[in-house]
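Trainee: Structure below; questions to follow.
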Amino acid sequence: MRFFSVEEANRLVPLLSKTFGRVRPWVERVQKLAEVLDALGSAPETLETRAQREERESLLERIREELGPFQEMGLEIKGADGLVDFHARRGEEPVYLCWRFGEASVTHWHDLQAGFSGRRPIESPDDFEPTYLS
């Protein structure tokens, strides 16, 4: 597993921002389509509902294609609307560096179990050292 330094994580922020800027409208549309389709329940499928299901599946595939390369790099996409964790080490402790769409840089970290609500400010980027193990 690869562990990122704050500097390495921040180098990816412009690409993450651009990608999530493109993906977020698709995510919103998928959510709206899911609400419409869920409201229909087990009603018989019509041409309209078939088209909505196909649109949803097409958008989900596009989202996966856009976000997949980040996962292959070792990032964890916690939310398709723009929440990303980077594996890191704070001393000997494995933690996550945390970034959210709209933030200019990676400025927070949290314990592996804490999640977004447990975010803490990064006081010293030097506390997080990279490793190059795959």
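Note on naming: chains are A, B, ... as they come in the structure tokens, residues start from 1 per chain, ligands start from 1 in the order shown.
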What's the 8 Å shell around range 98-109 of chain A, counting only C-alpha atoms, without same-chain residues fewer than 2 positions away, as a list in words?

Mentor: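 Result of the neighbour search: Val6, Ala9, Asn10, Val13, Leu16, Ser17, Phe20, Asp81, Gly82, Leu83, Val84, Asp85, Phe86, Val95, Tyr96, Asp111, Phe116, Arg119, Arg120, Pro121 and Ile122 of chain A.
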
Trainee: Let's have the selection written as a compact mmCIF listing (two decimals), in the first residue's frame, with N, CA, C and O atoms.

Mentor:
# COMPACT_ATOMS: atom_id res chain seq x y z
N VAL A 6 1.75 15.03 2.41
CA VAL A 6 0.82 16.14 2.14
C VAL A 6 1.16 16.77 0.79
O VAL A 6 0.27 17.07 -0.01
N ALA A 9 -0.13 14.56 -2.05
CA ALA A 9 -1.59 14.65 -2.13
C ALA A 9 -1.99 15.98 -2.78
O ALA A 9 -2.87 16.02 -3.65
N ASN A 10 -1.33 17.06 -2.39
CA ASN A 10 -1.67 18.38 -2.93
C ASN A 10 -1.37 18.49 -4.42
O ASN A 10 -2.03 19.26 -5.12
N VAL A 13 -4.54 17.67 -6.26
CA VAL A 13 -5.75 18.47 -6.04
C VAL A 13 -6.25 19.16 -7.32
O VAL A 13 -7.45 19.13 -7.58
N LEU A 16 -7.99 16.49 -9.28
CA LEU A 16 -9.20 16.07 -8.57
C LEU A 16 -10.29 17.13 -8.73
O LEU A 16 -11.45 16.80 -8.99
N SER A 17 -9.92 18.40 -8.58
CA SER A 17 -10.91 19.48 -8.70
C SER A 17 -11.53 19.50 -10.09
O SER A 17 -12.76 19.63 -10.22
N PHE A 20 -13.79 16.23 -10.48
CA PHE A 20 -15.05 16.29 -9.74
C PHE A 20 -15.94 17.41 -10.24
O PHE A 20 -17.17 17.31 -10.18
N ASP A 81 -19.38 12.79 -5.11
CA ASP A 81 -19.58 14.23 -5.23
C ASP A 81 -18.33 15.01 -4.83
O ASP A 81 -18.30 16.23 -4.87
N GLY A 82 -17.25 14.28 -4.43
CA GLY A 82 -15.98 14.96 -4.20
C GLY A 82 -15.39 14.82 -2.82
O GLY A 82 -14.90 15.80 -2.26
N LEU A 83 -15.37 13.64 -2.24
CA LEU A 83 -14.72 13.40 -0.96
C LEU A 83 -13.69 12.30 -1.17
O LEU A 83 -14.03 11.21 -1.62
N VAL A 84 -12.42 12.63 -0.87
CA VAL A 84 -11.31 11.74 -1.17
C VAL A 84 -10.40 11.61 0.04
O VAL A 84 -10.09 12.60 0.71
N ASP A 85 -9.96 10.38 0.32
CA ASP A 85 -8.97 10.11 1.35
C ASP A 85 -7.71 9.54 0.71
O ASP A 85 -7.78 8.75 -0.24
N PHE A 86 -6.57 9.97 1.23
CA PHE A 86 -5.27 9.48 0.81
C PHE A 86 -4.68 8.72 1.98
O PHE A 86 -4.62 9.25 3.10
N VAL A 95 -3.16 6.69 8.84
CA VAL A 95 -4.26 7.66 8.89
C VAL A 95 -4.66 7.99 7.46
O VAL A 95 -4.08 7.48 6.51
N TYR A 96 -5.64 8.86 7.33
CA TYR A 96 -6.03 9.38 6.03
C TYR A 96 -5.78 10.88 5.99
O TYR A 96 -6.12 11.60 6.93
N ASP A 111 -8.23 9.79 11.65
CA ASP A 111 -7.96 8.38 11.92
C ASP A 111 -8.73 7.52 10.92
O ASP A 111 -9.74 7.96 10.36
N PHE A 116 -15.02 11.58 8.03
CA PHE A 116 -14.99 13.01 7.78
C PHE A 116 -15.27 13.83 9.04
O PHE A 116 -14.65 14.88 9.25
N ARG A 119 -12.26 14.87 11.21
CA ARG A 119 -11.14 15.59 10.60
C ARG A 119 -10.46 16.54 11.58
O ARG A 119 -11.11 17.20 12.37
N ARG A 120 -9.13 16.58 11.45
CA ARG A 120 -8.32 17.49 12.26
C ARG A 120 -7.41 18.27 11.31
O ARG A 120 -6.94 17.73 10.32
N PRO A 121 -7.12 19.52 11.65
CA PRO A 121 -6.22 20.30 10.79
C PRO A 121 -4.80 19.72 10.80
O PRO A 121 -4.34 19.20 11.82
N ILE A 122 -4.14 19.80 9.66
CA ILE A 122 -2.74 19.39 9.58
C ILE A 122 -1.90 20.53 10.17
O ILE A 122 -1.91 21.64 9.66

Trainee: Near Glu57 in chain A, counting only C-alpha atoms, which residues have an atom at most 12 Å away, once you skip same-chain residues fewer than 3 positions from it, shown as a VMD selection string?

Mentor: chain A and resid 26 to 27 29 to 31 33 to 34 50 to 54 60 to 64

Trainee: Go ahead and save the residues from that selection, with all heavy atoms, as a compact mmCIF listing (two decimals), in the first residue's frame.

Mentor:
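Output below, filename again_29.txt:
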# COMPACT_ATOMS: atom_id res chain seq x y z
N TRP A 26 -23.16 14.87 -13.05
CA TRP A 26 -23.61 13.51 -13.37
C TRP A 26 -24.13 12.82 -12.11
O TRP A 26 -25.13 12.12 -12.16
CB TRP A 26 -22.49 12.69 -13.98
CG TRP A 26 -21.87 13.27 -15.22
CD1 TRP A 26 -22.40 14.21 -16.06
CD2 TRP A 26 -20.59 12.94 -15.75
NE1 TRP A 26 -21.52 14.48 -17.08
CE2 TRP A 26 -20.41 13.71 -16.92
CE3 TRP A 26 -19.58 12.07 -15.36
CZ2 TRP A 26 -19.25 13.64 -17.69
CZ3 TRP A 26 -18.43 11.99 -16.13
CH2 TRP A 26 -18.27 12.77 -17.28
N VAL A 27 -23.42 13.02 -10.99
CA VAL A 27 -23.84 12.42 -9.72
C VAL A 27 -25.21 12.95 -9.33
O VAL A 27 -26.10 12.18 -8.92
CB VAL A 27 -22.79 12.68 -8.62
CG1 VAL A 27 -23.30 12.25 -7.26
CG2 VAL A 27 -21.47 11.99 -8.95
N ARG A 29 -27.53 14.11 -11.29
CA ARG A 29 -28.53 13.55 -12.21
C ARG A 29 -28.86 12.10 -11.85
O ARG A 29 -30.02 11.70 -11.85
CB ARG A 29 -28.03 13.65 -13.66
CG ARG A 29 -28.99 13.08 -14.68
CD ARG A 29 -30.28 13.86 -14.78
NE ARG A 29 -31.14 13.23 -15.78
CZ ARG A 29 -32.46 13.30 -15.76
NH1 ARG A 29 -33.08 13.99 -14.83
NH2 ARG A 29 -33.16 12.68 -16.69
N VAL A 30 -27.83 11.32 -11.51
CA VAL A 30 -28.04 9.92 -11.10
C VAL A 30 -28.93 9.88 -9.87
O VAL A 30 -29.85 9.05 -9.78
CB VAL A 30 -26.71 9.20 -10.85
CG1 VAL A 30 -26.91 7.90 -10.09
CG2 VAL A 30 -25.99 8.94 -12.17
N GLN A 31 -28.69 10.77 -8.92
CA GLN A 31 -29.50 10.80 -7.70
C GLN A 31 -30.95 11.14 -8.01
O GLN A 31 -31.87 10.52 -7.47
CB GLN A 31 -28.91 11.79 -6.69
CG GLN A 31 -27.59 11.31 -6.12
CD GLN A 31 -26.85 12.38 -5.33
OE1 GLN A 31 -27.06 13.57 -5.51
NE2 GLN A 31 -25.94 11.94 -4.45
N LEU A 33 -32.50 10.66 -10.91
CA LEU A 33 -33.08 9.51 -11.61
C LEU A 33 -33.41 8.38 -10.63
O LEU A 33 -34.47 7.74 -10.76
CB LEU A 33 -32.12 9.00 -12.69
CG LEU A 33 -31.98 9.87 -13.93
CD1 LEU A 33 -30.78 9.44 -14.76
CD2 LEU A 33 -33.26 9.83 -14.75
N ALA A 34 -32.56 8.15 -9.67
CA ALA A 34 -32.80 7.09 -8.67
C ALA A 34 -34.07 7.40 -7.87
O ALA A 34 -34.87 6.50 -7.60
CB ALA A 34 -31.60 6.95 -7.76
N ARG A 50 -37.58 2.93 -18.96
CA ARG A 50 -36.45 2.20 -19.54
C ARG A 50 -35.35 3.20 -19.93
O ARG A 50 -34.17 2.98 -19.66
CB ARG A 50 -36.88 1.37 -20.74
CG ARG A 50 -35.70 0.57 -21.32
CD ARG A 50 -36.09 -0.31 -22.48
NE ARG A 50 -37.17 -1.21 -22.11
CZ ARG A 50 -38.18 -1.53 -22.89
NH1 ARG A 50 -38.25 -1.02 -24.11
NH2 ARG A 50 -39.13 -2.35 -22.48
N ALA A 51 -35.74 4.30 -20.54
CA ALA A 51 -34.77 5.33 -20.94
C ALA A 51 -34.08 5.94 -19.71
O ALA A 51 -32.88 6.20 -19.72
CB ALA A 51 -35.46 6.41 -21.76
N GLN A 52 -34.86 6.13 -18.64
CA GLN A 52 -34.28 6.68 -17.41
C GLN A 52 -33.28 5.70 -16.79
O GLN A 52 -32.21 6.10 -16.33
CB GLN A 52 -35.38 7.02 -16.41
CG GLN A 52 -36.20 8.21 -16.84
CD GLN A 52 -37.44 8.41 -15.99
OE1 GLN A 52 -38.05 7.45 -15.51
NE2 GLN A 52 -37.81 9.67 -15.79
N ARG A 53 -33.62 4.41 -16.79
CA ARG A 53 -32.68 3.41 -16.26
C ARG A 53 -31.40 3.36 -17.10
O ARG A 53 -30.31 3.27 -16.57
CB ARG A 53 -33.33 2.02 -16.25
CG ARG A 53 -34.36 1.83 -15.18
CD ARG A 53 -34.89 0.39 -15.17
NE ARG A 53 -36.18 0.30 -14.54
CZ ARG A 53 -36.40 0.40 -13.23
NH1 ARG A 53 -35.40 0.59 -12.42
NH2 ARG A 53 -37.62 0.31 -12.74
N GLU A 54 -31.56 3.42 -18.40
CA GLU A 54 -30.39 3.39 -19.29
C GLU A 54 -29.52 4.63 -19.10
O GLU A 54 -28.30 4.55 -19.08
CB GLU A 54 -30.83 3.24 -20.75
CG GLU A 54 -31.38 1.87 -21.06
CD GLU A 54 -31.99 1.77 -22.45
OE1 GLU A 54 -31.98 2.77 -23.21
OE2 GLU A 54 -32.51 0.68 -22.77
N LEU A 60 -23.55 6.28 -14.52
CA LEU A 60 -22.74 5.56 -13.53
C LEU A 60 -21.46 5.03 -14.14
O LEU A 60 -20.39 5.09 -13.52
CB LEU A 60 -23.56 4.42 -12.91
CG LEU A 60 -24.65 4.85 -11.93
CD1 LEU A 60 -25.54 3.65 -11.56
CD2 LEU A 60 -24.04 5.47 -10.68
N GLU A 61 -21.54 4.54 -15.36
CA GLU A 61 -20.34 4.05 -16.05
C GLU A 61 -19.36 5.19 -16.31
O GLU A 61 -18.16 5.04 -16.13
CB GLU A 61 -20.72 3.34 -17.35
CG GLU A 61 -19.54 2.75 -18.08
CD GLU A 61 -18.74 1.74 -17.27
OE1 GLU A 61 -19.31 1.03 -16.41
OE2 GLU A 61 -17.52 1.66 -17.49
N ARG A 62 -19.86 6.33 -16.73
CA ARG A 62 -18.99 7.50 -16.97
C ARG A 62 -18.31 7.93 -15.68
O ARG A 62 -17.12 8.26 -15.68
CB ARG A 62 -19.80 8.65 -17.55
CG ARG A 62 -20.21 8.42 -18.99
CD ARG A 62 -21.18 9.45 -19.50
NE ARG A 62 -20.55 10.75 -19.68
CZ ARG A 62 -21.22 11.85 -20.02
NH1 ARG A 62 -22.54 11.80 -20.20
NH2 ARG A 62 -20.60 12.99 -20.18
N ILE A 63 -19.06 7.92 -14.59
CA ILE A 63 -18.49 8.29 -13.28
C ILE A 63 -17.38 7.31 -12.90
O ILE A 63 -16.29 7.71 -12.48
CB ILE A 63 -19.60 8.35 -12.20
CG1 ILE A 63 -20.56 9.51 -12.49
CG2 ILE A 63 -18.99 8.45 -10.80
CD1 ILE A 63 -21.85 9.46 -11.71
N ARG A 64 -17.65 6.01 -13.06
CA ARG A 64 -16.63 4.99 -12.76
C ARG A 64 -15.38 5.18 -13.62
O ARG A 64 -14.26 5.05 -13.13
CB ARG A 64 -17.20 3.58 -12.94
CG ARG A 64 -18.10 3.13 -11.82
CD ARG A 64 -18.41 1.63 -11.87
NE ARG A 64 -19.43 1.23 -12.82
CZ ARG A 64 -20.74 1.39 -12.67
NH1 ARG A 64 -21.22 1.98 -11.60
NH2 ARG A 64 -21.59 0.95 -13.58

Trainee: List every residue of chain A that DSSP, applied to the backbone of this structure, places in strand (DSSP E), and write the result as a PyMOL selection string.

Mentor: chain A and resi 75-79+83-90+93-100+108-111+120-121

Trainee: Which distance in Å separates CA of Ser5 in chain A and CA of Ala114 in chain A, to one decimal?

Mentor: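 Answer for the CA of Ser5 in chain A to CA of Ala114 in chain A separation: 19.5 Å.
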